[in-house]
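Here is the file coords_28.txt (compact mmCIF, C-alpha atoms).
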```
# COMPACT_ATOMS: atom_id res chain seq x y z
CA MET A 153 22.67 -39.77 33.15
CA SER A 154 20.55 -37.20 34.95
CA ASN A 155 17.37 -35.80 33.49
CA PHE A 156 18.91 -32.30 33.36
CA ILE A 157 21.83 -33.43 31.17
CA ALA A 158 19.51 -35.43 28.95
CA LYS A 159 17.27 -32.36 28.52
CA LYS A 160 20.16 -29.98 27.71
CA PRO A 161 20.26 -30.81 23.99
CA THR A 162 16.48 -30.35 23.83
CA ILE A 163 16.66 -26.98 25.62
CA TYR A 164 19.58 -25.81 23.47
CA GLY A 165 17.74 -26.97 20.37
CA LEU A 166 14.61 -25.12 21.43
CA VAL A 167 16.58 -21.92 22.14
CA LEU A 168 18.34 -22.19 18.77
CA ALA A 169 15.09 -22.87 16.90
CA THR A 170 13.37 -19.95 18.66
CA SER A 171 16.28 -17.66 17.85
CA LEU A 172 16.27 -18.64 14.17
CA PHE A 173 12.49 -18.27 14.00
CA TRP A 174 12.63 -14.80 15.60
CA THR A 175 15.35 -13.68 13.17
CA ALA A 176 13.37 -14.97 10.19
CA CYS A 177 10.19 -13.22 11.37
CA LYS A 178 11.75 -9.81 11.89
CA ASP A 179 10.47 -7.21 9.47
CA LYS A 180 13.05 -6.92 6.73
CA THR A 181 11.44 -3.88 5.13
CA GLU A 182 12.51 -0.31 5.70
CA PRO A 183 11.46 1.36 8.93
CA LYS A 184 7.85 2.55 8.96
CA ALA A 185 7.57 5.20 6.29
CA ASP A 186 5.21 8.11 6.52
CA ILE A 187 2.75 9.15 3.86
CA LEU A 188 2.88 12.81 4.82
CA GLY A 189 4.54 15.16 2.40
CA LYS A 190 4.74 15.82 -1.31
CA TRP A 191 4.93 12.92 -3.77
CA ASN A 192 5.42 12.75 -7.53
CA VAL A 193 2.82 10.65 -9.31
CA ILE A 194 4.80 8.43 -11.67
CA GLU A 195 2.02 6.20 -13.02
CA THR A 196 -1.72 5.71 -12.81
CA THR A 197 -3.48 2.58 -14.03
CA GLY A 198 -7.22 2.15 -14.41
CA THR A 199 -8.81 -1.20 -15.23
CA TYR A 200 -12.33 -2.24 -16.13
CA THR A 201 -13.49 -5.80 -16.71
CA ARG A 202 -16.92 -7.26 -17.46
CA SER A 203 -17.52 -10.98 -17.01
CA GLY A 204 -16.63 -12.78 -20.22
CA SER A 205 -14.72 -9.81 -21.66
CA ALA A 206 -11.07 -8.91 -21.83
CA PRO A 207 -9.97 -6.26 -19.33
CA VAL A 208 -9.63 -2.69 -20.53
CA THR A 209 -6.57 -0.98 -19.08
CA ASP A 210 -5.68 2.70 -19.21
CA ARG A 211 -2.13 3.49 -18.07
CA GLU A 212 -0.62 6.96 -17.88
CA THR A 213 2.94 7.86 -16.94
CA PHE A 214 4.20 11.22 -15.73
CA GLN A 215 7.54 12.99 -15.41
CA ARG A 216 8.71 14.02 -11.93
CA GLY A 217 6.98 17.27 -10.97
CA GLU A 218 4.31 16.97 -13.67
CA PHE A 219 1.63 15.56 -11.33
CA THR A 220 2.07 15.86 -7.56
CA ILE A 221 0.09 14.93 -4.46
CA ASP A 222 0.83 16.52 -1.08
CA PHE A 223 -0.57 14.62 1.93
CA ARG A 224 -0.88 17.12 4.77
CA ALA A 225 -1.08 16.46 8.51
CA ASN A 226 -4.28 18.52 8.80
CA GLY A 227 -6.20 15.90 6.79
CA THR A 228 -6.10 17.67 3.45
CA LEU A 229 -4.52 16.55 0.22
CA ILE A 230 -3.30 19.07 -2.36
CA VAL A 231 -3.02 18.02 -6.01
CA ASP A 232 -0.58 19.93 -8.25
CA ASP A 233 -0.09 22.74 -5.71
CA GLU A 234 -3.74 23.85 -6.04
CA GLU A 235 -4.04 25.17 -2.47
CA ASP A 236 -7.56 26.50 -3.10
CA ASP A 237 -8.95 23.05 -3.93
CA PRO A 238 -7.95 20.68 -1.08
CA GLU A 239 -9.42 17.19 -0.80
CA PRO A 240 -9.97 15.35 2.50
CA TRP A 241 -7.84 12.31 3.30
CA ARG A 242 -7.13 10.13 6.32
CA ARG A 243 -5.13 7.08 7.27
CA ILE A 244 -7.62 4.35 8.17
CA SER A 245 -5.00 1.77 9.16
CA GLU A 246 -1.46 0.68 8.35
CA THR A 247 -2.78 -0.75 5.08
CA GLN A 248 -5.56 1.65 4.07
CA ILE A 249 -6.14 5.32 3.35
CA GLU A 250 -9.28 7.20 2.40
CA ILE A 251 -9.27 10.05 -0.10
CA ASP A 252 -12.48 11.97 -0.68
CA ASP A 253 -14.67 9.07 0.60
CA GLN A 254 -12.87 6.42 -1.53
CA GLU A 255 -10.92 3.75 0.39
CA TYR A 256 -7.59 2.63 -1.05
CA ASP A 257 -5.33 -0.27 -0.10
CA ILE A 258 -1.70 0.65 0.50
CA ARG A 259 0.17 -1.91 -1.59
CA GLU A 260 3.67 -0.57 -1.01
CA LEU A 261 5.05 2.10 1.30
CA THR A 262 8.72 2.92 1.75
CA SER A 263 10.48 6.22 2.34
CA SER A 264 10.65 6.76 -1.43
CA THR A 265 7.69 4.81 -2.92
CA LEU A 266 3.94 4.76 -2.29
CA VAL A 267 1.61 2.51 -4.26
CA PHE A 268 -2.08 2.49 -3.47
CA GLY A 269 -5.25 1.47 -5.25
CA TYR A 270 -8.72 0.00 -5.08
CA GLU A 271 -10.79 -2.66 -6.81
CA GLU A 272 -14.56 -2.91 -6.75
CA SER A 273 -17.07 -5.38 -8.13
CA PHE A 274 -20.56 -4.34 -9.18
CA SER A 275 -23.39 -5.22 -11.51
CA ASP A 276 -23.34 -3.50 -14.92
CA ASN A 277 -26.75 -4.15 -16.54
CA GLY A 278 -26.91 -7.55 -14.86
CA VAL A 279 -23.31 -8.50 -15.72
CA ILE A 280 -20.68 -8.64 -12.99
CA ALA A 281 -17.97 -6.06 -13.59
CA ARG A 282 -14.78 -5.02 -11.80
CA GLU A 283 -13.00 -1.72 -11.89
CA GLY A 284 -9.96 -0.40 -10.13
CA GLU A 285 -7.27 2.23 -10.03
CA THR A 286 -3.65 2.06 -8.94
CA TYR A 287 -1.34 4.99 -8.26
CA ARG A 288 2.47 4.75 -8.10
CA LEU A 289 4.13 7.70 -6.37
CA GLU A 290 7.76 8.48 -5.64
CA ARG A 291 9.56 11.13 -3.62
```

Mind turning the file's structure into structure tokens?
Amino acid sequence: MSNFIAKKPTIYGLVLATSLFWTACKDKTEPKADILGKWNVIETTGTYTRSGSAPVTDRETFQRGEFTIDFRANGTLIVDDEEDDPEPWRRISETQIEIDDQEYDIRELTSSTLVFGYEESFSDNGVIAREGETYRLER
């Protein structure tokens, strides 16, 4: 048997394995969604935790249209249609945005859902504490 024929199963196996790997690695999420535009804030969650204490959570829910955020291409963000009080925002990366000097991690972004938030650790009178906020928006 020639070396070429003996190597055929190995080559075919490698091609098949590569093909399966490529298919498995393809992004199965929706196409890249854009943050720009008006969103309805559906829920906000704030958390605060001090070492050795139970977390304190404050969750608020909103009806569609009750609380809105409009991310504009000019780098301003309008809350509840208050055009005279814009806030600065920018997209830092695919996974982060900055609003008014606060960096947020984008936790979910599709054409209809945006979830972003932050968590910070700090010392509160010598005790380690964590606080964070999460925002769930929908179109």

- Task: Between atom CA of A:Thr209 and atom CA of A:Thr197, measure the distance and give it in Å to one decimal.
- Result: 6.9 Å

Contact residues around stretch 263-278 of chain A with only C-alpha atoms at 6 Å, ignoring same-chain residues under 6 positions, as a compact mmCIF listing (two decimals) with C-alpha atoms, in the coordinates of the input:
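Okay, this is what ended up in selection_29.txt:
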```txt
# COMPACT_ATOMS: atom_id res chain seq x y z
CA ALA A 185 7.57 5.20 6.29
CA TYR A 256 -7.59 2.63 -1.05
CA ASP A 257 -5.33 -0.27 -0.10
CA GLY A 284 -9.96 -0.40 -10.13
CA GLU A 285 -7.27 2.23 -10.03
CA THR A 286 -3.65 2.06 -8.94
CA TYR A 287 -1.34 4.99 -8.26
CA ARG A 288 2.47 4.75 -8.10
CA LEU A 289 4.13 7.70 -6.37
CA GLU A 290 7.76 8.48 -5.64
CA ARG A 291 9.56 11.13 -3.62
```

- Å distance separating atom CA of A:Ile251 from atom CA of A:Glu239, one decimal place: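 These atoms are spaced 7.2 Å apart.
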
Per-residue nearest contacts of stretch 206-273 of chain A to stretch 186-194 of chain A (6 Å; all atoms listed in the file) as CSV:
```
residue,atom,partner,partner_atom,distance
A:Thr213,CA,A:Ile194,CA,5.6
A:Phe214,CA,A:Ile194,CA,5.0
A:Arg216,CA,A:Asn192,CA,5.6
A:Gly217,CA,A:Asn192,CA,5.9
A:Phe219,CA,A:Val193,CA,5.4
A:Thr220,CA,A:Asn192,CA,4.6
A:Ile221,CA,A:Trp191,CA,5.3
A:Asp222,CA,A:Lys190,CA,4.0
A:Phe223,CA,A:Leu188,CA,4.9
A:Arg224,CA,A:Leu188,CA,5.7
```

- Message: Residues proximal to (-16.4, -5.1, -16.2) were defined as those with any atom within 6 Å of that point in the file's coordinates, counting all atoms listed in the file. Which are they, as a list in words?
- Response: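 Within the cut-off we find Tyr200, Thr201, Arg202, Ala281 and Arg282 of chain A.
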
Written selection (C-alpha atoms) as a compact mmCIF listing (two decimals), in the coordinates of the input:
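What follows is the written file result-v2.txt:
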```
# COMPACT_ATOMS: atom_id res chain seq x y z
CA TYR A 200 -12.33 -2.24 -16.13
CA THR A 201 -13.49 -5.80 -16.71
CA ARG A 202 -16.92 -7.26 -17.46
CA ALA A 281 -17.97 -6.06 -13.59
CA ARG A 282 -14.78 -5.02 -11.80
```

- Item | Interatomic distance (Å, one decimal) between atom CA of A:Arg211 and atom CA of A:Val231 |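 Separating atom CA of A:Arg211 from atom CA of A:Val231 is a distance of 18.9 Å.
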
- Radius query 12 Å about (-1.1, 3.2, 10.7), atoms used: all atoms listed in the file, as number ranges by chain: A: 184-188, 242-249, 258, 261

Where's the centre, and what are the edge lengths in Å to one decimal, of a box along x, y and z enclosing all listed atoms of stretch 246-253 of chain A padded 3 Å per side, as AutoDock Vina command-line options?
```
--center_x -8.1 --center_y 5.6 --center_z 3.8 --size_x 19.2 --size_y 18.7 --size_z 15.0
```

- Query: Do you know which residues are at most 10 Å from A:Trp241 counting all atoms listed in the file, after dropping those on the same chain fewer than 4 positions away, and could you put them as a ChimeraX atom specification?
  - Reply: /A:223-230,249-255

Please, could you write that set of residues out with C-alpha atoms as a compact mmCIF listing (two decimals), in the frame of the given file?
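result_25.txt written:
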```
# COMPACT_ATOMS: atom_id res chain seq x y z
CA PHE A 223 -0.57 14.62 1.93
CA ARG A 224 -0.88 17.12 4.77
CA ALA A 225 -1.08 16.46 8.51
CA ASN A 226 -4.28 18.52 8.80
CA GLY A 227 -6.20 15.90 6.79
CA THR A 228 -6.10 17.67 3.45
CA LEU A 229 -4.52 16.55 0.22
CA ILE A 230 -3.30 19.07 -2.36
CA ILE A 249 -6.14 5.32 3.35
CA GLU A 250 -9.28 7.20 2.40
CA ILE A 251 -9.27 10.05 -0.10
CA ASP A 252 -12.48 11.97 -0.68
CA ASP A 253 -14.67 9.07 0.60
CA GLN A 254 -12.87 6.42 -1.53
CA GLU A 255 -10.92 3.75 0.39
```

- Note on the structure: Using only C-alpha atoms, the residue out of A:Ser203, A:Gln215, A:Glu195, A:Pro240 with shortest distance to A:Glu283 is A:Ser203
